[in-house]
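Below: one structure, written as structure tokens.
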Amino acid sequence: MNKSTAGKFRFWRSVLSNPLSNGLVSLSRNPINFLYLGLFIFAVLINIEHSFSDTPKQSGYFSGSIEFDKQPASIINTTKIKADITQLGGEQILEITATSLNDSVTVYTQIKNFKGVGAYFIPGDGSSSNIGNLIKDIQDYQNKNNFYEATRPNAAGIANGVGRVNITSFSNDEIAGDLVLIGNNPAGQQAILGAAKFKVNLQL
């Protein structure tokens, strides 16, 4: 056996002794195995795609205590929350709406001249007429007594509820903070939202 033949023999012996090479040789001897391998790879790819598409996308949360008409306070805990930032006359307006999953209790705030992280007061001061609403039953929207509104003081200086939205985190994708709100309905009844926490993806 000359040197060239011996070198080739050593090369092929090292190749064939490799487990990966053994697998490839086995596949080439049984072409049906290629079909099984292809089906296996296809099944793995399908499972990976489903694992990504089935992952729930949570938009955010809202959690606080709420009391209507001197009734015992209850907890409002929901993932049904959305936040929108729009432009109106060169001014940014932030709207946050959170609705309970268990009933139709809804919290709505509108902050005018929104500038990011900071505290915003409801009804606001000067020309900033921010809005806050605690809605006892959003389904019964024709009943005005279901809406507990915080607005600016009237001509006599009597305030119809007060509130504050404190934005602690703000980016292009997400906003977070806390808020308190006291609102009155036309019947003179009062609703109070305790220090509620929220975090939500922005809809720009």
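The way I read the labels, and the way they are meant: chains A, B, ... in the order of the structure tokens, residue 1 as the first residue of every chain, and ligand 1 as the first ligand shown, with later ones counted on from there.
The neighbours of range 72-84 of chain A here are the residues that come within 7 Å of it, using only C-alpha atoms and leaving out any residue fewer than 2 positions away in the same chain; they are Gly60, Tyr61, Phe62, Ser63, Gly64, Ser65, Ile66, Glu67, Lys70, Thr86, Leu94, Glu95, Ile96, Thr97, Ala98, Thr99, Ser100, Leu101, Val200, Asn201, Leu202, Gln203 and Leu204 of chain A.
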For the residues selected in the previous step, produce a file with C-alpha atoms as a PDB file, in the first residue's frame.
```pdb
ATOM      1  CA  GLY A  60     -51.484  46.139  30.481  1.00  0.00           C
ATOM      2  CA  TYR A  61     -53.222  46.261  33.839  1.00  0.00           C
ATOM      3  CA  PHE A  62     -55.189  48.581  36.094  1.00  0.00           C
ATOM      4  CA  SER A  63     -55.660  48.002  39.823  1.00  0.00           C
ATOM      5  CA  GLY A  64     -57.189  50.095  42.590  1.00  0.00           C
ATOM      6  CA  SER A  65     -60.007  50.392  45.120  1.00  0.00           C
ATOM      7  CA  ILE A  66     -63.282  52.074  44.248  1.00  0.00           C
ATOM      8  CA  GLU A  67     -66.277  53.142  46.341  1.00  0.00           C
ATOM      9  CA  LYS A  70     -70.756  55.274  50.587  1.00  0.00           C
ATOM     10  CA  THR A  86     -53.684  62.232  19.965  1.00  0.00           C
ATOM     11  CA  LEU A  94     -53.720  61.542  26.673  1.00  0.00           C
ATOM     12  CA  GLU A  95     -56.797  59.376  27.224  1.00  0.00           C
ATOM     13  CA  ILE A  96     -56.839  56.357  29.548  1.00  0.00           C
ATOM     14  CA  THR A  97     -59.843  54.020  29.781  1.00  0.00           C
ATOM     15  CA  ALA A  98     -60.029  50.994  32.101  1.00  0.00           C
ATOM     16  CA  THR A  99     -63.095  48.748  32.429  1.00  0.00           C
ATOM     17  CA  SER A 100     -63.595  46.017  35.019  1.00  0.00           C
ATOM     18  CA  LEU A 101     -63.746  42.440  33.743  1.00  0.00           C
ATOM     19  CA  VAL A 200     -50.498  49.966  29.404  1.00  0.00           C
ATOM     20  CA  ASN A 201     -49.232  49.816  25.844  1.00  0.00           C
ATOM     21  CA  LEU A 202     -49.759  53.047  23.959  1.00  0.00           C
ATOM     22  CA  GLN A 203     -51.961  53.280  20.875  1.00  0.00           C
ATOM     23  CA  LEU A 204     -50.412  56.109  18.894  1.00  0.00           C
TER      24      LEU A 204
END
```
Between CA of Tyr148 in chain A and CA of Ala191 in chain A, measure the distance and give it in Å to one decimal.
-> 6.4 Å
Pick out the closest residue to Leu193 in chain A from this set: A:Asn160, A:Asn133, A:Asn172, A:Thr151. Count only C-alpha atoms.
-> A:Asn133
With a distance cut-off of 10 Å and only C-alpha atoms, select the neighbouring residues of Lys136 in chain A, excluding the residue or stretch itself and same-chain residues fewer than 3 positions from it, and output the selection as a short mmCIF file (atom, residue, chain, number, x, y, z; two decimals) with C-alpha atoms, in the first residue's frame.
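Result written to result-v9.cif:
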```
data_model
loop_
_atom_site.label_atom_id
_atom_site.label_comp_id
_atom_site.auth_asym_id
_atom_site.auth_seq_id
_atom_site.Cartn_x
_atom_site.Cartn_y
_atom_site.Cartn_z
CA ILE A 66 -63.28 52.07 44.25
CA GLU A 67 -66.28 53.14 46.34
CA PHE A 68 -69.68 54.28 45.12
CA ASP A 103 -68.89 44.27 35.76
CA SER A 104 -69.21 47.51 33.81
CA VAL A 105 -67.33 49.82 36.18
CA THR A 106 -65.12 52.11 34.09
CA VAL A 107 -62.46 54.72 34.82
CA ASN A 133 -64.91 60.12 35.18
CA GLN A 139 -73.74 49.59 29.85
CA ASP A 140 -76.44 51.89 31.27
CA TYR A 141 -75.00 54.94 29.54
CA ASN A 145 -76.44 59.15 37.65
CA ASN A 146 -74.02 56.36 36.62
CA PHE A 147 -71.43 59.01 35.70
CA TYR A 148 -69.37 60.52 38.54
CA ALA A 191 -67.53 57.99 44.10
#
```
Point out the residue among A:Pro186, A:Gly177, A:Gly116, A:Gly132 with the least atom-to-atom distance to Val162 in chain A, counting only C-alpha atoms.
-> A:Gly132
Min atom-atom distance to Thr168 in chain A from the set A:Phe198, A:Phe114, A:Tyr108, A:Phe121, counting only C-alpha atoms, belongs to A:Phe198
Contacts of Gln190 in chain A at 6 Å (only C-alpha atoms; same-chain gap of 2+ positions) as a ChimeraX atom specification = /A:69,183-184
Just-selected residues, C-alpha atoms written as an mmCIF file, in the first residue's frame:
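Produced file result.cif, reproduced below:
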```cif
data_model
loop_
_atom_site.group_PDB
_atom_site.id
_atom_site.type_symbol
_atom_site.label_atom_id
_atom_site.label_comp_id
_atom_site.auth_asym_id
_atom_site.auth_seq_id
_atom_site.Cartn_x
_atom_site.Cartn_y
_atom_site.Cartn_z
ATOM 1 C CA ASP A 69 -72.290 56.151 47.203
ATOM 2 C CA GLY A 183 -66.325 62.415 41.321
ATOM 3 C CA ASN A 184 -69.924 63.437 41.901
#
```
CA of Ala195 in chain A and CA of Asn113 in chain A are how many Å apart?
-> 22.7 Å
State, in Å with one decimal place, the distance from CA of Gly161 in chain A to CA of Leu181 in chain A.
->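 Distance between the two atoms: 7.5 Å.
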List every residue of range 124-199 of chain A that DSSP, applied to the backbone, labels as strand (DSSP E), and write the result as a VMD selection string.
-> chain A and resid 131 to 135 147 to 150 162 to 170 174 to 184 190 to 199
Which residue of A:Ile85, A:Ile93, A:Ala187, A:Ile167 approaches Asn143 in chain A most closely, using only C-alpha atoms | A:Ala187
